[in-house]
Amino acid sequence: MSVPKLRQLATWGRLESHQREIAAIHLRQLFADEPDRGTRYSLEAAGVYLDYSKNRVTAKTLDLLVQLAEESGLRSRIDAMFSGEKINVTERRAVLHVALRAPRGQQIFVDGKDVVPGVHAVLEKMAAFAGQIRSGAWKGHTGKPIKNVVNIGIGGSDLGPVMAYEALRDYSQRSLTCRFVSNVDGSDVAEATRDLDPAETLFIVSSKTFTTIETLTNAHTARAWCVQALGDERAVARHFVAVSTNAAEVAKFGIDTANMFGFWDWVGGRYSVDSAIGLSLMIAVGPENFRQMLNGFHEMDEHFRTAPFARNLPVILGLLGVWYNNFFGAETLAVLPYDHYLGRLSAYLQQLDMESNGKQVDLAGNRVDYSTGPIVWGTPGTNGQHAYYQLIHQGTKLIPCDFIGFCQTLNPLGRHHDLLMANFFAQTEALAFGKTEADVRADGVPDFQVPHRIFAGNHPSNTLLLERLTPEALGRLVALYEHKVFVQGTIWQINSFDQWGVELGKVLAGRITPELESPGAPPPAHDSSTNALIRRYRRLKGGAG
Ligand code: G6Q
């Protein structure tokens, strides 16, 4: 279906005037007007409870936002994605991360071929390999079992596995050490390997294209480290496996393609954690936990695909984001997980969201005249409270927040969990309701401090409350954000599935590298700033001063 330009949609103008009507209304007022707001504006599906009552919305706002989703053709876009249409138009690819968690027997076609059997074949191959590593049956070159697993990858081939490994560490086999190397800075691979025994170490080289300079540089360094220590080129076969779509390059590196785990061009890097890119995770937590995680993903997929928009978690989260981004001028979103194991979730979501929706032209290639994807950031609670929350509470910027918490802890230790969660609830309450001048004066605060100790409140937040951080819960949570990003990309009429900015980075450094490496390179021919910096670097890089 063809959709008019976003700002020409009838609902867009209605949302603009509605925003003017309610912009000045405080959350205190909204809660006073609707005493049952806390339960009325909440949703529960696929094991996730979302309280979105502390948002600057009324029933009318939500009606209009849902109407916007409908007018934007969201329903047909969802169907197009799930049925394997090539909605990644700039790369002419289907977008089928949902097929990675489709149960056996479900059929999803790309170019007339059902892709689900292939997905399960790779999962089985991964499970067999993971089982061998976990049991010690797979022996290294000298006959020792593997004790260390190092994933080498970057971007989508790193952030997903490391985030999920950290999230599910409690479920991991503790006799195995798992590490993740991504940065081309040699210090990354040096620190990751320095205390490991090469005879007991397996490297998983994870790269969809197998041409990414960071990953290949790290993989070659790891290969040299391994071969030198074990004194035999043949060691590579027992200590290196690959996850890739590029068998020719994998073979060129010296990895037996029998030890390659494949995936497909319809899996985007940042949507690949549940493909073979998650091999390190599967080795760590075992095939059964990995399957449970896939079940969680699938549960959220089904909810997203079938639930009416007004009761659809990714749709509601996505629309609330559009509300602040486009009607309140908010530039950013803080994601604040109150769980130590989710230490890398914000970084993961940062890529998922910013690489997907950091776009300035629409699907037809026309420059958009509205704001698209937000800046996403955050760290786990309560650490942020002792750092940047000050700005969220009392700064001049509007920063919508997602708070994520669990009712049960994986480490019941004394009062820790109740203290953690007391902070979790207290923050959303304080952000919404603030502290008035009267409250401050009632506390006996001296006059000169009063203005400094007032909290305006009216800061919106979502609260996502789950029962326990299980593999299923992680799958549900990640799928929720994947689909939320898709909802927003659909409203903004952009392609959430390409990443030309990343591709540019891959080319740019390649141009300067020879100017740094070859001693006889001609003088640099860039702008005066870059030239001077390169000259200085060349002069000092040897360390002689
Ligand atoms: C993700 C991006 C990007 C990609 C990396 C690694 O969606 O495309 O982050 O994952 O650039 O690419 P390779 O897996 O091809 O090495």
# chains A, B, ... in the order shown; residues from 1 in each chain; ligands from 1

$ residues_around --residues "segment 307-312 of chain A" --least-positions-apart "2" --cutoff "9 Å" --atoms "only C-alpha atoms" --output "PDB file with C-alpha atoms, in the first residue's frame"
ATOM      1  CA  LEU A  43      -0.069  -4.229  29.363  1.00  0.00           C
ATOM      2  CA  GLU A  44       1.025  -7.779  29.928  1.00  0.00           C
ATOM      3  CA  ALA A  45       2.036 -10.163  27.180  1.00  0.00           C
ATOM      4  CA  LEU A  62      -3.085   6.771  22.611  1.00  0.00           C
ATOM      5  CA  ASP A  63      -6.028   6.628  20.219  1.00  0.00           C
ATOM      6  CA  VAL A  66      -2.644   3.968  17.244  1.00  0.00           C
ATOM      7  CA  ALA A  69       0.272   3.401  13.166  1.00  0.00           C
ATOM      8  CA  GLU A  70      -2.710   2.290  11.134  1.00  0.00           C
ATOM      9  CA  ARG A  75      -0.129  -3.886   9.637  1.00  0.00           C
ATOM     10  CA  GLU A 302       3.803 -13.992  17.799  1.00  0.00           C
ATOM     11  CA  HIS A 303       2.489 -11.357  20.162  1.00  0.00           C
ATOM     12  CA  PHE A 304       3.768  -8.596  17.868  1.00  0.00           C
ATOM     13  CA  ARG A 305       2.362 -10.255  14.753  1.00  0.00           C
ATOM     14  CA  PRO A 314       6.342  -3.241  20.696  1.00  0.00           C
ATOM     15  CA  VAL A 315       3.724  -1.047  19.031  1.00  0.00           C
ATOM     16  CA  ILE A 316       2.921   0.884  22.208  1.00  0.00           C
ATOM     17  CA  LEU A 317       6.601   1.333  23.120  1.00  0.00           C
TER      18      LEU A 317
END

$ select_by_dssp --residues "segment 193-328 of chain A" --states "alpha helix (DSSP H)" --output "MDAnalysis selection string"
chainID A and resid 193 213:230 236:239 247:253 279:285 287:306 313:322

$ closest_atom_pairs --of "chain A" --to "ligand 1" --cutoff "8 Å" --atoms "only C-alpha atoms and all ligand atoms" --output "CSV"
residue,atom,partner,partner_atom_place_in_ligand_line,distance
A:Gly153,CA,ligand 1,16 (O),6.1
A:Ile154,CA,ligand 1,6 (C),5.0
A:Gly155,CA,ligand 1,9 (O),3.4
A:Gly156,CA,ligand 1,10 (O),3.3
A:Ser157,CA,ligand 1,14 (O),4.9
A:Asp158,CA,ligand 1,10 (O),7.6
A:Ser206,CA,ligand 1,14 (O),6.3
A:Ser207,CA,ligand 1,14 (O),3.4
A:Lys208,CA,ligand 1,14 (O),3.7
A:Thr209,CA,ligand 1,15 (O),3.7
A:Phe210,CA,ligand 1,16 (O),5.6
A:Thr211,CA,ligand 1,16 (O),6.4
A:Thr212,CA,ligand 1,16 (O),4.6
A:Ile213,CA,ligand 1,16 (O),8.0
A:Thr215,CA,ligand 1,16 (O),6.3
A:Ser244,CA,ligand 1,14 (O),7.3
A:Gly268,CA,ligand 1,7 (O),5.1
A:Gly269,CA,ligand 1,7 (O),3.5
A:Arg270,CA,ligand 1,7 (O),3.8
A:Tyr271,CA,ligand 1,7 (O),6.7
A:Gln351,CA,ligand 1,9 (O),7.5
A:Leu352,CA,ligand 1,7 (O),7.5
A:Glu355,CA,ligand 1,7 (O),7.0
A:Ser356,CA,ligand 1,7 (O),7.8
A:Phe497,CA,ligand 1,7 (O),7.6
A:Asp498,CA,ligand 1,8 (O),7.4
A:Gln499,CA,ligand 1,8 (O),6.1
A:Val502,CA,ligand 1,11 (O),6.4
A:Glu503,CA,ligand 1,11 (O),7.4
A:Lys506,CA,ligand 1,11 (O),7.9

$ atom_distance --atom1 "atom CA of Arg194 of chain A" --atom2 "atom CA of Leu281 of chain A"
21.8 Å

$ residues_around --residues "Leu168 of chain A" --least-positions-apart "2" --cutoff "10 Å" --atoms "only C-alpha atoms" --output "PyMOL selection string"
chain A and resi 162-166+170-172+281+284-285+289-290+293+341-342+469-471+474

$ closest_residue --among "A:Ala229, A:Ala456, A:Leu464, A:Ala137" --to "His26 of chain A" --atoms "only C-alpha atoms"
A:Ala456

$ select_by_dssp --residues "segment 151-206 of chain A" --states "strand (DSSP E)" --output "list in words"
Asn151, Ile152, Thr177, Cys178, Arg179, Phe180, Val181, Thr201, Leu202, Phe203, Ile204, Val205 and Ser206 of chain A

$ write_last_selection --atoms "C-alpha atoms" --output "PDB file, in the first residue's frame"
ATOM      1  CA  ASN A 151      34.654 -14.937  19.976  1.00  0.00           C
ATOM      2  CA  ILE A 152      36.296 -12.606  17.482  1.00  0.00           C
ATOM      3  CA  THR A 177      36.005 -19.099  30.126  1.00  0.00           C
ATOM      4  CA  CYS A 178      34.334 -16.994  27.421  1.00  0.00           C
ATOM      5  CA  ARG A 179      35.822 -13.809  26.057  1.00  0.00           C
ATOM      6  CA  PHE A 180      34.947 -11.433  23.262  1.00  0.00           C
ATOM      7  CA  VAL A 181      37.444  -9.565  21.133  1.00  0.00           C
ATOM      8  CA  THR A 201      41.631 -22.227  23.541  1.00  0.00           C
ATOM      9  CA  LEU A 202      39.061 -22.167  20.759  1.00  0.00           C
ATOM     10  CA  PHE A 203      38.579 -19.082  18.591  1.00  0.00           C
ATOM     11  CA  ILE A 204      35.257 -18.483  16.901  1.00  0.00           C
ATOM     12  CA  VAL A 205      35.767 -16.052  14.052  1.00  0.00           C
ATOM     13  CA  SER A 206      32.345 -14.469  13.599  1.00  0.00           C
TER      14      SER A 206
END

$ closest_residue --among "A:Met81, A:Ala347, A:Val361, A:Leu279" --to "Glu124 of chain A" --atoms "only C-alpha atoms"
A:Leu279
